[in-house]
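Novice: For reference, the file target20.pdb (PDB, C-alpha atoms, pLDDT in the B column) is included below:
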MODEL        1
ATOM      1  CA  MET A1082     -15.669   0.588  -6.109  1.00 80.00           C
ATOM      2  CA  HIS A1083     -12.455   0.860  -4.141  1.00 89.00           C
ATOM      3  CA  ARG A1084     -11.183   4.406  -3.727  1.00 95.00           C
ATOM      4  CA  ILE A1085      -7.512   5.198  -3.276  1.00 98.00           C
ATOM      5  CA  THR A1086      -7.071   7.417  -0.227  1.00 98.00           C
ATOM      6  CA  ARG A1087      -3.277   7.721  -0.166  1.00 98.00           C
ATOM      7  CA  VAL A1088      -0.497   7.305  -2.712  1.00 98.00           C
ATOM      8  CA  ARG A1089       3.259   7.572  -2.374  1.00 98.00           C
ATOM      9  CA  ALA A1090       5.573   7.141  -5.349  1.00 97.00           C
ATOM     10  CA  LEU A1091       8.503   4.831  -4.657  1.00 97.00           C
ATOM     11  CA  ASN A1092      11.621   4.043  -6.667  1.00 94.00           C
ATOM     12  CA  ASP A1093      11.482   1.867  -9.785  1.00 93.00           C
ATOM     13  CA  TYR A1094       7.922   2.778 -10.837  1.00 96.00           C
ATOM     14  CA  ARG A1095       6.254   1.396  -7.726  1.00 97.00           C
ATOM     15  CA  LEU A1096       3.454   3.003  -5.735  1.00 98.00           C
ATOM     16  CA  ASP A1097       2.528   2.546  -2.090  1.00 98.00           C
ATOM     17  CA  LEU A1098      -1.279   2.694  -1.961  1.00 98.00           C
ATOM     18  CA  ALA A1099      -3.987   2.842   0.693  1.00 98.00           C
ATOM     19  CA  PHE A1100      -7.648   2.182  -0.136  1.00 97.00           C
ATOM     20  CA  SER A1101     -10.893   3.303   1.487  1.00 95.00           C
ATOM     21  CA  ASP A1102     -11.507  -0.152   2.992  1.00 95.00           C
ATOM     22  CA  GLY A1103      -8.155  -0.058   4.840  1.00 96.00           C
ATOM     23  CA  THR A1104      -6.274  -2.239   2.360  1.00 97.00           C
ATOM     24  CA  ARG A1105      -2.659  -1.178   1.845  1.00 98.00           C
ATOM     25  CA  GLY A1106       0.000  -2.420  -0.505  1.00 98.00           C
ATOM     26  CA  THR A1107       2.535  -1.769  -3.207  1.00 97.00           C
ATOM     27  CA  VAL A1108       1.953  -2.017  -6.941  1.00 97.00           C
ATOM     28  CA  ASP A1109       4.724  -2.245  -9.551  1.00 97.00           C
ATOM     29  CA  LEU A1110       4.015  -0.332 -12.775  1.00 97.00           C
ATOM     30  CA  THR A1111       7.366  -0.988 -14.448  1.00 95.00           C
ATOM     31  CA  HIS A1112       5.622  -2.803 -17.310  1.00 95.00           C
ATOM     32  CA  LEU A1113       3.848   0.448 -18.274  1.00 95.00           C
ATOM     33  CA  ALA A1114       6.752   2.905 -17.983  1.00 93.00           C
ATOM     34  CA  GLY A1115       7.984   4.220 -21.314  1.00 91.00           C
ATOM     35  CA  HIS A1116       5.229   2.619 -23.418  1.00 94.00           C
ATOM     36  CA  GLY A1117       2.380   4.347 -25.283  1.00 94.00           C
ATOM     37  CA  VAL A1118       0.689   7.029 -23.190  1.00 93.00           C
ATOM     38  CA  PHE A1119       3.148   6.223 -20.397  1.00 94.00           C
ATOM     39  CA  ALA A1120       6.186   7.306 -22.485  1.00 94.00           C
ATOM     40  CA  GLY A1121       6.653  10.346 -20.244  1.00 92.00           C
ATOM     41  CA  TRP A1122       7.345   8.060 -17.328  1.00 93.00           C
ATOM     42  CA  ARG A1123      10.813   7.389 -18.737  1.00 91.00           C
ATOM     43  CA  ASP A1124      11.599  10.346 -16.506  1.00 91.00           C
ATOM     44  CA  GLN A1125      10.906   9.183 -12.940  1.00 93.00           C
ATOM     45  CA  ALA A1126      10.202  12.805 -11.968  1.00 95.00           C
ATOM     46  CA  GLU A1127       7.088  12.634 -14.204  1.00 95.00           C
ATOM     47  CA  PHE A1128       5.999   9.367 -12.583  1.00 96.00           C
ATOM     48  CA  ARG A1129       6.292  11.001  -9.151  1.00 97.00           C
ATOM     49  CA  LYS A1130       3.684  13.651 -10.142  1.00 97.00           C
ATOM     50  CA  VAL A1131       0.924  11.173  -9.292  1.00 98.00           C
ATOM     51  CA  ALA A1132      -2.210  12.551  -7.606  1.00 98.00           C
ATOM     52  CA  ILE A1133      -5.558  11.172  -6.477  1.00 98.00           C
ATOM     53  CA  GLY A1134      -8.660  12.222  -8.427  1.00 96.00           C
ATOM     54  CA  GLN A1135     -12.153  12.891  -7.110  1.00 94.00           C
ATOM     55  CA  ALA A1136     -13.285   9.321  -7.808  1.00 93.00           C
ATOM     56  CA  GLY A1137     -10.267   7.803  -6.033  1.00 95.00           C
ATOM     57  CA  GLU A1138      -8.386   7.142  -9.261  1.00 96.00           C
ATOM     58  CA  LEU A1139      -4.718   7.950  -9.865  1.00 98.00           C
ATOM     59  CA  LEU A1140      -3.923  10.896 -12.141  1.00 97.00           C
ATOM     60  CA  TRP A1141      -0.810  12.190 -13.898  1.00 97.00           C
ATOM     61  CA  PRO A1142      -0.237  15.216 -16.134  1.00 94.00           C
ATOM     62  CA  GLY A1143      -1.095  14.554 -19.770  1.00 89.00           C
ATOM     63  CA  ASP A1144      -4.539  13.065 -19.029  1.00 92.00           C
ATOM     64  CA  ILE A1145      -3.141   9.773 -17.731  1.00 95.00           C
ATOM     65  CA  ASP A1146      -5.284   7.957 -15.193  1.00 96.00           C
ATOM     66  CA  LEU A1147      -5.449   4.481 -13.690  1.00 97.00           C
ATOM     67  CA  CYS A1148      -8.560   2.767 -12.369  1.00 95.00           C
ATOM     68  CA  PRO A1149      -8.560   2.217  -8.599  1.00 96.00           C
ATOM     69  CA  ASP A1150     -10.357  -1.121  -8.954  1.00 95.00           C
ATOM     70  CA  ALA A1151      -7.673  -2.529 -11.262  1.00 95.00           C
ATOM     71  CA  LEU A1152      -4.988  -1.378  -8.835  1.00 97.00           C
ATOM     72  CA  TYR A1153      -6.920  -2.922  -5.933  1.00 96.00           C
ATOM     73  CA  LEU A1154      -6.883  -6.283  -7.738  1.00 95.00           C
ATOM     74  CA  LYS A1155      -3.113  -5.982  -8.285  1.00 95.00           C
ATOM     75  CA  VAL A1156      -2.454  -5.108  -4.633  1.00 96.00           C
ATOM     76  CA  THR A1157      -4.671  -7.826  -3.168  1.00 95.00           C
ATOM     77  CA  GLY A1158      -4.141 -10.559  -5.763  1.00 93.00           C
ATOM     78  CA  LYS A1159      -7.902 -11.147  -5.740  1.00 91.00           C
ATOM     79  CA  SER A1160      -9.933 -12.112  -8.777  1.00 89.00           C
ATOM     80  CA  PRO A1161     -12.651  -9.703  -9.897  1.00 89.00           C
ATOM     81  CA  GLU A1162     -15.297 -12.111  -8.528  1.00 88.00           C
ATOM     82  CA  GLU A1163     -13.590 -12.177  -5.114  1.00 87.00           C
ATOM     83  CA  ALA A1164     -13.243  -8.398  -4.909  1.00 85.00           C
ATOM     84  CA  PHE A1165     -16.700  -7.677  -6.335  1.00 83.00           C
ATOM     85  CA  PRO A1166     -19.153 -10.370  -5.185  1.00 82.00           C
ATOM     86  CA  SER A1167     -21.934  -8.909  -7.335  1.00 83.00           C
ATOM     87  CA  LEU A1168     -20.048 -10.202 -10.395  1.00 79.00           C
ATOM     88  CA  LYS A1169     -20.733 -13.798  -9.398  1.00 71.00           C
ATOM     89  CA  HIS A1170     -23.475 -15.354 -11.483  1.00 64.00           C
ATOM     90  CA  GLU A1171     -25.621 -18.167 -10.219  1.00 57.00           C
ATOM     91  CA  SER A1172     -26.520 -20.843 -12.721  1.00 53.00           C
ATOM     92  CA  ALA A1173     -30.145 -20.926 -13.699  1.00 54.00           C
ATOM     93  CA  HIS A1174     -31.651 -24.395 -13.775  1.00 58.00           C
ATOM     94  CA  ALA A1175     -34.776 -25.205 -15.736  1.00 54.00           C
TER
ENDMDL
END
Can the structure in the file be given as structure tokens, please?
Specialist:
Amino acid sequence: MHRITRVRALNDYRLDLAFSDGTRGTVDLTHLAGHGVFAGWRDQAEFRKVAIGQAGELLWPGDIDLCPDALYLKVTGKSPEEAFPSLKHESAHA
């Protein structure tokens, strides 16, 4: 699991993130803002209330949280198999 160690809210629903393995990057969450549980983000001041939880996840008021692993994939552009080698399955031959 990749833990977020630093977060900074930027303009236009973007976040500058740093992860426990030293990876840094920006993620754009515009596609979530104003929809479903993210309706409160219509107000950018609410979006800026982001915090880091004990497991390295991102938290907002109203019980909103985002998985650090999903954000890691967005920042790096890696596939799940690239980011988590244990997901690779070797073919079994009879």
Novice: Measuring between all atoms listed in the file, which one of A:Gly1121, A:Trp1141, A:Asp1102, A:Lys1130 shows the shortest distance to Arg1089 (chain A)?
Specialist: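 With all atoms listed in the file as the atom set, the closest residue is A:Lys1130.
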Novice: Apply the PyMOL selection byres ((chain A and resi 1134-1138) around 6) to the displayed file and report the matching residues as a ChimeraX atom specification.
Specialist: /A:1084-1085,1133,1139,1147-1149
Novice: Provide the CA of Pro1161 (chain A) to CA of Ala1114 (chain A) distance in Å, to one decimal place.
Specialist: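 For CA of Pro1161 (chain A) relative to CA of Ala1114 (chain A), the distance reads 24.5 Å.
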Novice: Counting only C-alpha atoms, which of A:Glu1127, A:Asp1144, A:Asp1150, A:Glu1162 gets nearest to Ala1090 (chain A)?
Specialist: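 Under the stated criterion, the closest residue is A:Glu1127.
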Novice: What is the distance, in Å and to one decimal place, between CA of Val1118 (chain A) and CA of Val1088 (chain A)?
Specialist: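 These two atoms are separated by 20.5 Å.
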Novice: Would you kindly return, as a PyMOL selection string, each protein, DNA or RNA residue with an atom no farther than 12 Å from any atom of Gln1125 (chain A), considering all atoms listed in the file and excluding same-chain residues fewer than 2 positions away?
Specialist: chain A and resi 1090-1095+1110-1111+1114-1115+1119-1123+1127-1131
Novice: Spell out the residues picked by the PyMOL selection byres ((chain A and resi 1165) around 12) here, as a PyMOL selection string.
Specialist: chain A and resi 1082-1083+1150-1151+1153-1154+1159-1164+1166-1170
Novice: Here is a test: counting all atoms listed in the file, which residue of A:Val1108, A:Ala1126, A:Ile1145, A:Leu1096 is nearest to Thr1157 (chain A)?
Specialist: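 Counting all atoms listed in the file, the residue closest to Thr1157 (chain A) is A:Val1108.
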Novice: Which residue out of A:Thr1107, A:Asp1124, A:Leu1113, A:Ala1132 has the minimum interatomic distance to Leu1152 (chain A) when all atoms listed in the file are used?
Specialist: A:Thr1107
Novice: For CA of Leu1140 (chain A) and CA of Ser1101 (chain A), determine how far apart the two atoms are, in Å to one decimal place.
Specialist: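 One can read the CA of Leu1140 (chain A) to CA of Ser1101 (chain A) distance as 17.1 Å.
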Novice: Which residues would end up in the selection if the PyMOL selection byres ((chain A and resi 1099) around 6) were applied here, given that I need the answer as a list in words?
Specialist: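 For this structure, the PyMOL selection byres ((chain A and resi 1099) around 6) resolves to Ile1085, Thr1086, Arg1087, Leu1098, Phe1100, Thr1104 and Arg1105 of chain A.
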